[in-house]
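Below: work.txt (compact mmCIF, C-alpha atoms)
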# COMPACT_ATOMS: atom_id res chain seq x y z
CA MET A 1486 30.57 17.75 6.01
CA PRO A 1487 31.79 16.15 2.80
CA ARG A 1488 29.41 13.60 1.43
CA LEU A 1489 30.12 9.88 1.53
CA LYS A 1490 32.33 8.39 -1.14
CA ILE A 1491 32.54 4.81 -2.23
CA ASP A 1492 36.05 4.63 -0.73
CA ASP A 1493 34.62 5.36 2.70
CA LEU A 1494 33.27 1.84 2.49
CA ASP A 1495 36.69 0.32 3.21
CA LYS A 1496 36.64 1.51 6.80
CA ILE A 1497 33.05 0.41 7.37
CA ALA A 1498 33.75 -2.99 5.83
CA ASP A 1499 36.65 -3.41 8.25
CA GLN A 1500 34.42 -2.61 11.22
CA GLN A 1501 31.86 -5.11 9.99
CA ARG A 1502 34.54 -7.74 9.51
CA ARG A 1503 35.63 -7.38 13.11
CA LYS A 1504 32.04 -7.70 14.32
CA MET A 1505 31.57 -10.78 12.20
CA THR A 1506 34.43 -12.65 13.79
CA VAL A 1507 32.82 -12.13 17.18
CA ARG A 1508 29.55 -13.57 15.96
CA GLU A 1509 28.98 -17.25 16.54
CA GLY A 1510 27.02 -19.70 14.43
CA GLY A 1511 24.17 -18.90 12.08
CA GLY A 1512 21.11 -16.76 12.55
CA LYS A 1513 19.43 -16.65 15.93
CA ALA A 1514 16.25 -15.10 14.65
CA LYS A 1515 14.64 -14.39 11.32
CA ILE A 1516 12.31 -11.47 10.67
CA THR A 1517 10.28 -11.55 7.49
CA VAL A 1518 8.56 -8.34 6.44
CA HIS A 1519 5.66 -8.92 4.08
CA MET A 1520 6.43 -6.77 1.07
CA GLY A 1521 3.60 -7.31 -1.37
CA THR A 1522 1.81 -4.40 -3.02
CA CYS A 1523 -0.61 -4.29 -0.08
CA GLY A 1524 2.20 -4.36 2.46
CA ILE A 1525 4.20 -1.65 0.73
CA ALA A 1526 1.13 0.57 0.42
CA ALA A 1527 0.44 0.11 4.14
CA GLY A 1528 3.97 1.05 5.21
CA ALA A 1529 6.06 -2.14 5.06
CA ARG A 1530 9.15 -0.27 3.88
CA ASN A 1531 9.13 1.81 7.04
CA ILE A 1532 8.79 -1.35 9.15
CA MET A 1533 11.73 -2.84 7.29
CA SER A 1534 13.82 0.30 7.97
CA THR A 1535 12.83 0.21 11.62
CA PHE A 1536 14.00 -3.38 12.04
CA LEU A 1537 17.24 -2.52 10.24
CA LYS A 1538 17.83 0.38 12.61
CA GLU A 1539 17.12 -1.83 15.62
CA ILE A 1540 19.49 -4.54 14.40
CA GLU A 1541 22.23 -1.98 14.05
CA ALA A 1542 21.46 -0.21 17.32
CA HIS A 1543 21.57 -3.49 19.25
CA ASN A 1544 24.46 -4.90 17.26
CA ALA A 1545 22.25 -7.92 16.64
CA HIS A 1546 24.18 -9.35 13.74
CA ASP A 1547 22.72 -12.80 14.19
CA VAL A 1548 19.26 -11.58 13.18
CA ILE A 1549 18.32 -12.22 9.58
CA LEU A 1550 16.01 -9.73 7.94
CA THR A 1551 14.18 -10.70 4.80
CA THR A 1552 10.96 -10.09 2.88
CA SER A 1553 8.15 -12.13 1.46
CA ALA A 1554 5.19 -11.47 -0.78
CA CYS A 1555 1.55 -10.95 0.18
CA ALA A 1556 0.37 -13.46 2.77
CA GLY A 1557 -3.27 -13.05 1.75
CA LEU A 1558 -4.32 -10.87 4.65
CA CYS A 1559 -4.00 -7.47 3.02
CA SER A 1560 -6.26 -5.66 5.47
CA ARG A 1561 -3.92 -6.44 8.36
CA GLU A 1562 -0.76 -5.12 6.72
CA PRO A 1563 1.94 -4.15 7.50
CA MET A 1564 2.80 -7.61 8.71
CA ALA A 1565 5.97 -9.32 9.83
CA THR A 1566 6.84 -12.85 10.85
CA VAL A 1567 9.34 -13.48 13.62
CA GLU A 1568 10.97 -16.86 13.81
CA LEU A 1569 13.41 -17.83 16.55
CA ALA A 1570 15.70 -20.76 15.91
CA GLY A 1571 13.85 -23.96 16.73
CA GLN A 1572 10.52 -22.27 17.39
CA ALA A 1573 7.32 -21.82 15.41
CA PRO A 1574 7.04 -18.56 13.43
CA VAL A 1575 4.82 -15.85 14.88
CA LYS A 1576 2.92 -13.49 12.62
CA TYR A 1577 2.45 -9.89 13.75
CA VAL A 1578 -0.16 -7.66 12.15
CA ASP A 1579 -1.17 -3.96 11.88
CA LEU A 1580 2.40 -2.92 12.58
CA THR A 1581 3.68 0.55 13.32
CA GLU A 1582 7.21 1.71 13.99
CA GLU A 1583 6.56 1.61 17.76
CA LYS A 1584 5.12 -1.90 17.62
CA ALA A 1585 8.06 -3.09 15.54
CA LYS A 1586 10.50 -1.70 18.11
CA LYS A 1587 8.65 -3.42 20.92
CA ILE A 1588 8.56 -6.72 19.05
CA PHE A 1589 12.26 -6.46 18.38
CA ALA A 1590 13.14 -5.71 22.00
CA SER A 1591 10.88 -8.36 23.46
CA HIS A 1592 10.50 -11.23 21.00
CA VAL A 1593 13.64 -11.05 18.90
CA LEU A 1594 16.09 -10.12 21.64
CA GLN A 1595 14.53 -11.75 24.70
CA GLY A 1596 12.42 -14.50 23.20
CA LYS A 1597 9.21 -13.18 24.76
CA LEU A 1598 6.29 -13.17 22.35
CA VAL A 1599 4.28 -9.93 22.16
CA GLN A 1600 0.83 -11.41 22.33
CA ASP A 1601 -1.08 -8.15 21.84
CA TYR A 1602 0.24 -7.69 18.32
CA ALA A 1603 0.37 -11.32 17.24
CA LEU A 1604 -2.12 -12.81 14.84
CA SER A 1605 -1.20 -16.43 14.98
CA ILE A 1606 1.60 -18.89 15.34
CA GLY A 1607 2.55 -20.79 12.24
CA SER A 1608 3.28 -20.16 8.60
CA GLU A 1609 1.07 -19.71 5.58
CA ARG A 1610 3.39 -21.94 3.63
CA ILE A 1611 3.39 -25.67 3.84
CA GLN A 1612 6.92 -26.70 4.62
CA MET B 345 1.02 4.31 -2.57
CA GLU B 346 2.06 7.70 -1.31
CA GLU B 347 5.23 8.15 -3.27
CA LEU B 348 6.79 6.92 -6.49
CA SER B 349 9.67 5.23 -4.69
CA LEU B 350 7.15 2.84 -3.13
CA HIS B 351 5.80 1.94 -6.55
CA ILE B 352 9.37 1.30 -7.64
CA LEU B 353 10.00 -1.00 -4.68
CA ASP B 354 6.81 -2.86 -5.54
CA ILE B 355 7.69 -3.34 -9.21
CA ALA B 356 11.23 -4.37 -8.25
CA GLU B 357 9.74 -6.98 -5.91
CA ASN B 358 7.95 -8.35 -9.00
CA SER B 359 11.36 -8.69 -10.61
CA VAL B 360 12.61 -10.59 -7.57
CA THR B 361 9.64 -12.95 -7.80
CA ALA B 362 10.34 -13.41 -11.49
CA GLY B 363 13.78 -14.75 -10.57
CA ALA B 364 15.85 -11.77 -11.73
CA LYS B 365 19.58 -11.81 -10.97
CA ASN B 366 20.02 -8.19 -12.05
CA ILE B 367 17.65 -5.31 -11.52
CA GLU B 368 18.30 -1.90 -12.97
CA ILE B 369 16.35 1.12 -11.81
CA LYS B 370 16.70 4.29 -13.81
CA ILE B 371 15.18 7.64 -12.98
CA THR B 372 15.52 10.54 -15.36
CA GLU B 373 14.34 13.96 -14.33
CA ASN B 374 14.55 16.65 -16.97
CA LYS B 375 13.30 20.17 -16.41
CA GLU B 376 13.82 21.20 -20.03
CA THR B 377 11.60 18.51 -21.47
CA ASP B 378 9.38 18.61 -18.35
CA LEU B 379 9.63 14.87 -18.06
CA LEU B 380 10.18 12.34 -15.33
CA LYS B 381 10.91 8.84 -16.49
CA ILE B 382 11.15 5.76 -14.33
CA GLU B 383 12.47 2.49 -15.68
CA ILE B 384 12.74 -0.88 -13.99
CA ILE B 385 14.67 -3.41 -16.04
CA ASP B 386 15.21 -7.00 -14.99
CA ASP B 387 16.52 -10.27 -16.36
CA GLY B 388 13.78 -12.37 -14.79
CA LYS B 389 11.65 -14.94 -16.54
CA GLY B 390 9.68 -12.35 -18.52
CA MET B 391 6.09 -12.42 -19.67
CA SER B 392 4.34 -13.59 -22.80
CA GLU B 393 2.63 -11.07 -25.05
CA GLU B 394 -0.70 -12.12 -23.63
CA GLU B 395 0.51 -11.60 -20.07
CA VAL B 396 1.95 -8.19 -20.95
CA ASN B 397 -1.39 -7.14 -22.41
CA LYS B 398 -3.17 -8.22 -19.26
CA ALA B 399 -0.61 -6.84 -16.83
CA LEU B 400 -2.26 -3.43 -16.62
CA ASP B 401 -5.67 -4.88 -15.96
CA PRO B 402 -6.25 -4.76 -12.20
CA PHE B 403 -8.67 -7.68 -12.45
CA PHE B 404 -5.95 -9.92 -13.77
CA THR B 405 -4.88 -10.28 -10.15
CA SER B 406 -5.77 -13.89 -9.78
CA ARG B 407 -4.17 -16.01 -7.12
CA THR B 408 -2.78 -18.43 -9.65
CA THR B 409 -0.70 -15.76 -11.39
CA ARG B 410 1.03 -14.30 -8.41
CA ARG B 411 3.77 -12.54 -10.32
CA VAL B 412 1.26 -10.09 -11.69
CA GLY B 413 -0.54 -8.07 -9.09
CA LEU B 414 -2.01 -4.67 -8.48
CA GLY B 415 1.41 -3.09 -8.60
CA LEU B 416 1.54 -2.32 -12.31
CA PRO B 417 -2.04 -1.00 -12.58
CA ILE B 418 -1.56 1.48 -9.75
CA LEU B 419 1.71 2.74 -11.18
CA HIS B 420 -0.10 3.09 -14.49
CA GLN B 421 -2.78 5.13 -12.76
CA ALA B 422 -0.20 7.34 -11.08
CA ALA B 423 1.41 7.98 -14.48
CA LYS B 424 -1.92 8.79 -16.15
CA LEU B 425 -2.81 11.21 -13.37
CA ALA B 426 0.37 13.14 -14.12
CA ASN B 427 -0.18 13.27 -17.88
CA GLY B 428 2.14 10.34 -18.45
CA LYS B 429 2.01 6.82 -19.70
CA MET B 430 3.37 3.42 -19.12
CA ASP B 431 5.07 0.91 -21.30
CA ILE B 432 5.90 -2.72 -20.62
CA ARG B 433 8.18 -4.71 -22.86
CA SER B 434 8.97 -8.28 -22.04
CA ILE B 435 10.55 -11.32 -23.58
CA VAL B 436 9.95 -14.74 -22.10
CA GLY B 437 13.20 -16.05 -20.66
CA LYS B 438 14.99 -12.72 -21.08
CA GLY B 439 13.37 -10.23 -18.79
CA THR B 440 11.03 -7.31 -18.46
CA HIS B 441 11.39 -3.59 -19.00
CA VAL B 442 8.81 -1.40 -17.30
CA SER B 443 8.88 2.29 -17.99
CA ALA B 444 6.59 5.03 -16.79
CA THR B 445 6.70 8.66 -17.75
CA PHE B 446 5.25 11.65 -15.94
CA GLN B 447 4.92 15.34 -16.59
CA LEU B 448 7.44 16.77 -14.15
CA SER B 449 5.53 19.98 -13.49
CA HIS B 450 2.14 18.30 -13.14
CA ILE B 451 0.32 19.17 -9.94
CA ASP B 452 -0.80 15.56 -9.49
CA LEU B 453 2.67 14.12 -9.81
CA GLN B 454 3.44 12.07 -6.72
CA PRO B 455 6.69 12.96 -4.99
CA LEU B 456 9.57 10.63 -5.80
CA GLY B 457 10.04 10.00 -2.09
CA ASN B 458 12.80 8.12 -0.37
CA MET B 459 14.68 6.19 -3.04
CA ALA B 460 17.56 5.44 -0.67
CA GLU B 461 15.17 3.51 1.54
CA THR B 462 13.71 1.66 -1.45
CA ILE B 463 17.12 0.54 -2.69
CA THR B 464 18.23 -0.42 0.82
CA ALA B 465 15.09 -2.48 1.43
CA LEU B 466 15.61 -4.24 -1.87
CA ILE B 467 19.23 -5.11 -1.12
CA ALA B 468 18.57 -6.10 2.49
CA SER B 469 16.21 -8.87 1.52
CA ASN B 470 17.91 -9.87 -1.74
CA PRO B 471 21.66 -9.76 -1.15
CA ASN B 472 22.34 -12.06 -4.10
CA ILE B 473 20.59 -9.89 -6.65
CA ASP B 474 22.64 -7.13 -8.21
CA VAL B 475 20.93 -3.78 -8.17
CA LYS B 476 21.97 -0.87 -10.30
CA TYR B 477 20.40 2.47 -9.59
CA GLU B 478 20.88 5.38 -11.91
CA TYR B 479 19.51 8.78 -11.08
CA LYS B 480 19.81 11.49 -13.67
CA ARG B 481 18.73 15.01 -12.87
CA ASN B 482 19.03 17.40 -15.81
CA LYS B 483 22.69 17.14 -16.79
CA ASN B 484 23.97 15.41 -13.68
CA LYS B 485 24.04 11.76 -12.94
CA PHE B 486 24.54 9.46 -9.96
CA VAL B 487 25.08 5.76 -10.42
CA PHE B 488 24.97 3.20 -7.66
CA ASN B 489 25.81 -0.43 -8.29
CA THR B 490 25.84 -3.26 -5.76
CA ARG B 491 28.55 -4.96 -7.83
CA GLU B 492 30.94 -2.14 -7.05
CA ILE B 493 30.03 -2.37 -3.36
CA LYS B 494 30.43 -6.15 -3.28
CA GLU B 495 33.86 -5.94 -4.90
CA LYS B 496 34.99 -3.58 -2.17
CA LEU B 497 33.41 -5.67 0.58
CA ALA B 498 35.01 -8.97 -0.44
CA ASP B 499 34.10 -11.32 2.43
CA VAL B 500 31.62 -9.02 4.17
CA ASN B 501 27.97 -9.52 3.28
CA ILE B 502 26.22 -6.58 1.70
CA ASN B 503 23.13 -7.10 3.85
CA THR B 504 24.82 -6.55 7.19
CA SER B 505 23.26 -3.60 8.97
CA GLY B 506 26.37 -1.40 8.95
CA ILE B 507 26.79 -1.75 5.20
CA LEU B 508 23.10 -1.08 4.58
CA SER B 509 23.32 2.11 6.63
CA PHE B 510 26.24 3.16 4.50
CA VAL B 511 24.28 2.42 1.31
CA LYS B 512 21.32 4.44 2.50
CA GLN B 513 23.40 7.43 3.49
CA PHE B 514 25.57 7.16 0.39
CA ILE B 515 22.56 7.28 -1.93
CA THR B 516 20.83 10.04 0.05
CA GLU B 517 23.84 12.34 0.15
CA ASN B 518 24.87 11.82 -3.44
CA THR B 519 21.43 12.28 -4.95
CA GLU B 520 20.43 15.24 -2.82
CA SER B 521 23.47 17.14 -3.97
CA LEU B 522 22.62 16.74 -7.66
CA SER B 523 21.35 19.97 -9.10
How does the structure come out when it is put into structure tokens?
Amino acid sequence: MPRLKIDDLDKIADQQRRKMTVREGGGKAKITVHMGTCGIAAGARNIMSTFLKEIEAHNAHDVILTTSACAGLCSREPMATVELAGQAPVKYVDLTEEKAKKIFASHVLQGKLVQDYALSIGSERIQ
Amino acid sequence: MEELSLHILDIAENSVTAGAKNIEIKITENKETDLLKIEIIDDGKGMSEEEVNKALDPFFTSRTTRRVGLGLPILHQAAKLANGKMDIRSIVGKGTHVSATFQLSHIDLQPLGNMAETITALIASNPNIDVKYEYKRNKNKFVFNTREIKEKLADVNINTSGILSFVKQFITENTESLS
């Protein structure tokens, strides 16, 4: 198979454009992966990739994926915060790929919090 | 950190925190000189001479100076373990240039790891920052630049999942094939 070229992007961009027109409004959910030194060392990059894969697999283009720095709880990394529109953010700790998939399927897609993996509800930042 | 690409992600996250608009990551692998060189160059807010001097001190990790963490000291350690060294140059208001060298054949050299995943993670969370990634292996070179991607994309965001998958695969395929 010939390897990807930059021109192959045209087709993919077109596909994305079509998906985008179907999408309504802004983001439905926001996932923040904690990407400090501690998080990265504990496997945050893999968690990030897992969420990306899930977003693509479920065509969930209204889910925003972003990163933040260390939240001050390095021993519980990898961590991620899930925030549904209009709801308080939920912090998940000690993540693995499997846990991330479950959180995505349950909390992000269906709005059902995964209590077993959650640390707390709320944000470390004062808003 | 298990692989150098994770260190790179970590240092690049420092650049993000420092308000960089452009981040350049350069990796040079040369069998002839037996050298691996990693450079992370940003146009963030930079550090003063005093901060640069302290940046490699792991105990400088105070909560009030969040933009300096453990990241640089552990990369420094990884470099030293592989007979290499680290160099930080920075100008306040202009940016920072971090470079680390390693002996390519050293038994304690960490594997480079998954650079495609590092670049993708960086772009996914910072779509407005331009990332240039240059990977040079011996005489061959691969250059990836988000600017080029964004020009092609026009109205499509670079951090949509389909585009990120493309980026990941594009980098993987084009760097693996370099001899």
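Taking atom CA of B:Ile451 and atom CA of B:Ala426 as endpoints, the distance between them is 7.3 Å.
Going from atom CA of B:Ile367 over to atom CA of B:Lys476, you cover 6.3 Å.
Residues with any atom within 12 Å of B:Gln513, counting all atoms listed in the file and excluding same-chain neighbours fewer than 2 positions away, are A:Arg1488, A:Leu1489, A:Lys1490, A:Ile1491, A:Asp1493, A:Leu1494, B:Asn458, B:Met459, B:Ala460, B:Glu461, B:Ile463, B:Thr464, B:Gly506, B:Ile507, B:Leu508, B:Ser509, B:Phe510, B:Val511, B:Ile515, B:Thr516, B:Glu517, B:Asn518, B:Thr519, B:Glu520.
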Those residues with C-alpha atoms, as a PDB file, in the frame of the given file please?
ATOM      1  CA  ARG A1488      29.410  13.600   1.430  1.00  0.00           C
ATOM      2  CA  LEU A1489      30.120   9.880   1.530  1.00  0.00           C
ATOM      3  CA  LYS A1490      32.330   8.390  -1.140  1.00  0.00           C
ATOM      4  CA  ILE A1491      32.540   4.810  -2.230  1.00  0.00           C
ATOM      5  CA  ASP A1493      34.620   5.360   2.700  1.00  0.00           C
ATOM      6  CA  LEU A1494      33.270   1.840   2.490  1.00  0.00           C
TER       7      LEU A1494
ATOM      8  CA  ASN B 458      12.800   8.120  -0.370  1.00  0.00           C
ATOM      9  CA  MET B 459      14.680   6.190  -3.040  1.00  0.00           C
ATOM     10  CA  ALA B 460      17.560   5.440  -0.670  1.00  0.00           C
ATOM     11  CA  GLU B 461      15.170   3.510   1.540  1.00  0.00           C
ATOM     12  CA  ILE B 463      17.120   0.540  -2.690  1.00  0.00           C
ATOM     13  CA  THR B 464      18.230  -0.420   0.820  1.00  0.00           C
ATOM     14  CA  GLY B 506      26.370  -1.400   8.950  1.00  0.00           C
ATOM     15  CA  ILE B 507      26.790  -1.750   5.200  1.00  0.00           C
ATOM     16  CA  LEU B 508      23.100  -1.080   4.580  1.00  0.00           C
ATOM     17  CA  SER B 509      23.320   2.110   6.630  1.00  0.00           C
ATOM     18  CA  PHE B 510      26.240   3.160   4.500  1.00  0.00           C
ATOM     19  CA  VAL B 511      24.280   2.420   1.310  1.00  0.00           C
ATOM     20  CA  ILE B 515      22.560   7.280  -1.930  1.00  0.00           C
ATOM     21  CA  THR B 516      20.830  10.040   0.050  1.00  0.00           C
ATOM     22  CA  GLU B 517      23.840  12.340   0.150  1.00  0.00           C
ATOM     23  CA  ASN B 518      24.870  11.820  -3.440  1.00  0.00           C
ATOM     24  CA  THR B 519      21.430  12.280  -4.950  1.00  0.00           C
ATOM     25  CA  GLU B 520      20.430  15.240  -2.820  1.00  0.00           C
TER      26      GLU B 520
END
Neighbours of point (19.1, -13.3, -7.3) within 6 Å, using all atoms listed in the file, written as number ranges by chain: B: 364-365, 472-473
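Of the residues under consideration (B:Leu400, B:Leu380, B:Met345, B:Ala423), B:Met345 shows the shortest atom-to-atom contact distance to chain A when counting all atoms listed in the file.
Using all atoms listed in the file, the chain A residues found within 8 Å of chain B amount to Arg1488, Leu1489, Lys1490, Ile1491, Leu1494, Asp1495, Ile1497, Ala1498, Gln1501, Arg1502, Met1520, Gly1521, Thr1522, Ile1525, Ala1526, Ala1527, Arg1530, Met1533, Ser1534, Leu1537, Lys1538, Ile1540, Glu1541, His1546, Leu1550, Thr1551 and Thr1552 of chain A.
Among the candidate residues B:Glu495, B:Glu478, B:Asp401, B:Glu373, the one lying nearest to B:Ile385 is B:Glu478, with distances computed using all atoms listed in the file.
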Please list as a ChimeraX atom specification every residue within 10 Å of A:Val1575, counting only C-alpha atoms and excluding residues in the same chain fewer than 3 positions away. /A:1516,1565-1569,1572,1578,1592,1598-1600,1602-1608
With C-alpha atoms retained, write the just-selected residues as a short mmCIF file (atom, residue, chain, number, x, y, z; two decimals), in the frame of the given file.
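Final file, again_11.cif:
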data_model
loop_
_atom_site.label_atom_id
_atom_site.label_comp_id
_atom_site.auth_asym_id
_atom_site.auth_seq_id
_atom_site.Cartn_x
_atom_site.Cartn_y
_atom_site.Cartn_z
CA ILE A 1516 12.31 -11.47 10.67
CA ALA A 1565 5.97 -9.32 9.83
CA THR A 1566 6.84 -12.85 10.85
CA VAL A 1567 9.34 -13.48 13.62
CA GLU A 1568 10.97 -16.86 13.81
CA LEU A 1569 13.41 -17.83 16.55
CA GLN A 1572 10.52 -22.27 17.39
CA VAL A 1578 -0.16 -7.66 12.15
CA HIS A 1592 10.50 -11.23 21.00
CA LEU A 1598 6.29 -13.17 22.35
CA VAL A 1599 4.28 -9.93 22.16
CA GLN A 1600 0.83 -11.41 22.33
CA TYR A 1602 0.24 -7.69 18.32
CA ALA A 1603 0.37 -11.32 17.24
CA LEU A 1604 -2.12 -12.81 14.84
CA SER A 1605 -1.20 -16.43 14.98
CA ILE A 1606 1.60 -18.89 15.34
CA GLY A 1607 2.55 -20.79 12.24
CA SER A 1608 3.28 -20.16 8.60
#
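Note that atom CA of A:Val1593 and atom CA of A:Arg1561 are 21.0 Å apart.
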Specify the axis-aligned box that encloses all atoms of stretch 377-384 of chain B listed in the file after padding of 4 Å on each side, stating its centre and edge lengths in Å to one decimal as AutoDock Vina command-line options.
--center_x 11.1 --center_y 8.9 --center_z -17.7 --size_x 11.4 --size_y 27.5 --size_z 15.5
Name the residues in contact with B:Asn484 at a cut-off of 7 Å, using all atoms listed in the file, excluding same-chain residues fewer than 3 positions from it; report them as a PDB file with C-alpha atoms, in the frame of the given file.
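Resulting contents of out-v2.pdb:
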ATOM      1  CA  LYS B 480      19.810  11.490 -13.670  1.00  0.00           C
ATOM      2  CA  ARG B 481      18.730  15.010 -12.870  1.00  0.00           C
ATOM      3  CA  LEU B 522      22.620  16.740  -7.660  1.00  0.00           C
ATOM      4  CA  SER B 523      21.350  19.970  -9.100  1.00  0.00           C
TER       5      SER B 523
END
Using only C-alpha atoms: which of A:Ala1570, A:Cys1523, A:Ile1549, A:Cys1559 has the shortest distance to A:Phe1536: A:Ile1549
Residue completion, stretch 434-447 of chain B, N, CA, C and O atoms, as a PDB file, in the frame of the given file:
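File written: out_5.pdb
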ATOM      1  N   SER B 434       8.491  -7.079 -22.703  1.00  0.00           N
ATOM      2  CA  SER B 434       8.970  -8.280 -22.040  1.00  0.00           C
ATOM      3  C   SER B 434       9.234  -9.391 -23.031  1.00  0.00           C
ATOM      4  O   SER B 434       8.525  -9.522 -24.025  1.00  0.00           O
ATOM      5  N   ILE B 435      10.259 -10.149 -22.759  1.00  0.00           N
ATOM      6  CA  ILE B 435      10.550 -11.320 -23.580  1.00  0.00           C
ATOM      7  C   ILE B 435      10.671 -12.515 -22.638  1.00  0.00           C
ATOM      8  O   ILE B 435      11.412 -12.457 -21.646  1.00  0.00           O
ATOM      9  N   VAL B 436       9.916 -13.547 -22.933  1.00  0.00           N
ATOM     10  CA  VAL B 436       9.950 -14.740 -22.100  1.00  0.00           C
ATOM     11  C   VAL B 436      11.384 -15.276 -22.047  1.00  0.00           C
ATOM     12  O   VAL B 436      12.032 -15.439 -23.076  1.00  0.00           O
ATOM     13  N   GLY B 437      11.860 -15.506 -20.840  1.00  0.00           N
ATOM     14  CA  GLY B 437      13.200 -16.050 -20.660  1.00  0.00           C
ATOM     15  C   GLY B 437      14.302 -14.998 -20.657  1.00  0.00           C
ATOM     16  O   GLY B 437      15.452 -15.306 -20.357  1.00  0.00           O
ATOM     17  N   LYS B 438      13.962 -13.773 -21.012  1.00  0.00           N
ATOM     18  CA  LYS B 438      14.990 -12.720 -21.080  1.00  0.00           C
ATOM     19  C   LYS B 438      14.822 -11.655 -20.006  1.00  0.00           C
ATOM     20  O   LYS B 438      15.790 -11.175 -19.434  1.00  0.00           O
ATOM     21  N   GLY B 439      13.588 -11.252 -19.804  1.00  0.00           N
ATOM     22  CA  GLY B 439      13.370 -10.230 -18.790  1.00  0.00           C
ATOM     23  C   GLY B 439      12.283  -9.246 -19.168  1.00  0.00           C
ATOM     24  O   GLY B 439      11.647  -9.364 -20.214  1.00  0.00           O
ATOM     25  N   THR B 440      12.100  -8.282 -18.279  1.00  0.00           N
ATOM     26  CA  THR B 440      11.030  -7.310 -18.460  1.00  0.00           C
ATOM     27  C   THR B 440      11.559  -5.896 -18.279  1.00  0.00           C
ATOM     28  O   THR B 440      12.450  -5.659 -17.473  1.00  0.00           O
ATOM     29  N   HIS B 441      11.014  -4.997 -19.070  1.00  0.00           N
ATOM     30  CA  HIS B 441      11.390  -3.590 -19.000  1.00  0.00           C
ATOM     31  C   HIS B 441      10.110  -2.785 -18.786  1.00  0.00           C
ATOM     32  O   HIS B 441       9.261  -2.724 -19.664  1.00  0.00           O
ATOM     33  N   VAL B 442       9.979  -2.225 -17.606  1.00  0.00           N
ATOM     34  CA  VAL B 442       8.810  -1.400 -17.300  1.00  0.00           C
ATOM     35  C   VAL B 442       9.247   0.044 -17.317  1.00  0.00           C
ATOM     36  O   VAL B 442      10.243   0.404 -16.689  1.00  0.00           O
ATOM     37  N   SER B 443       8.542   0.873 -18.066  1.00  0.00           N
ATOM     38  CA  SER B 443       8.880   2.290 -17.990  1.00  0.00           C
ATOM     39  C   SER B 443       7.616   3.121 -17.833  1.00  0.00           C
ATOM     40  O   SER B 443       6.570   2.810 -18.390  1.00  0.00           O
ATOM     41  N   ALA B 444       7.720   4.138 -17.017  1.00  0.00           N
ATOM     42  CA  ALA B 444       6.590   5.030 -16.790  1.00  0.00           C
ATOM     43  C   ALA B 444       7.087   6.458 -16.922  1.00  0.00           C
ATOM     44  O   ALA B 444       8.174   6.796 -16.438  1.00  0.00           O
ATOM     45  N   THR B 445       6.310   7.263 -17.617  1.00  0.00           N
ATOM     46  CA  THR B 445       6.700   8.660 -17.750  1.00  0.00           C
ATOM     47  C   THR B 445       5.654   9.563 -17.087  1.00  0.00           C
ATOM     48  O   THR B 445       4.481   9.195 -16.983  1.00  0.00           O
ATOM     49  N   PHE B 446       6.098  10.705 -16.656  1.00  0.00           N
ATOM     50  CA  PHE B 446       5.250  11.650 -15.940  1.00  0.00           C
ATOM     51  C   PHE B 446       5.602  13.064 -16.388  1.00  0.00           C
ATOM     52  O   PHE B 446       6.751  13.330 -16.723  1.00  0.00           O
ATOM     53  N   GLN B 447       4.614  13.934 -16.348  1.00  0.00           N
ATOM     54  CA  GLN B 447       4.920  15.340 -16.590  1.00  0.00           C
ATOM     55  C   GLN B 447       5.474  15.919 -15.303  1.00  0.00           C
ATOM     56  O   GLN B 447       4.787  15.941 -14.273  1.00  0.00           O
TER      57      GLN B 447
END
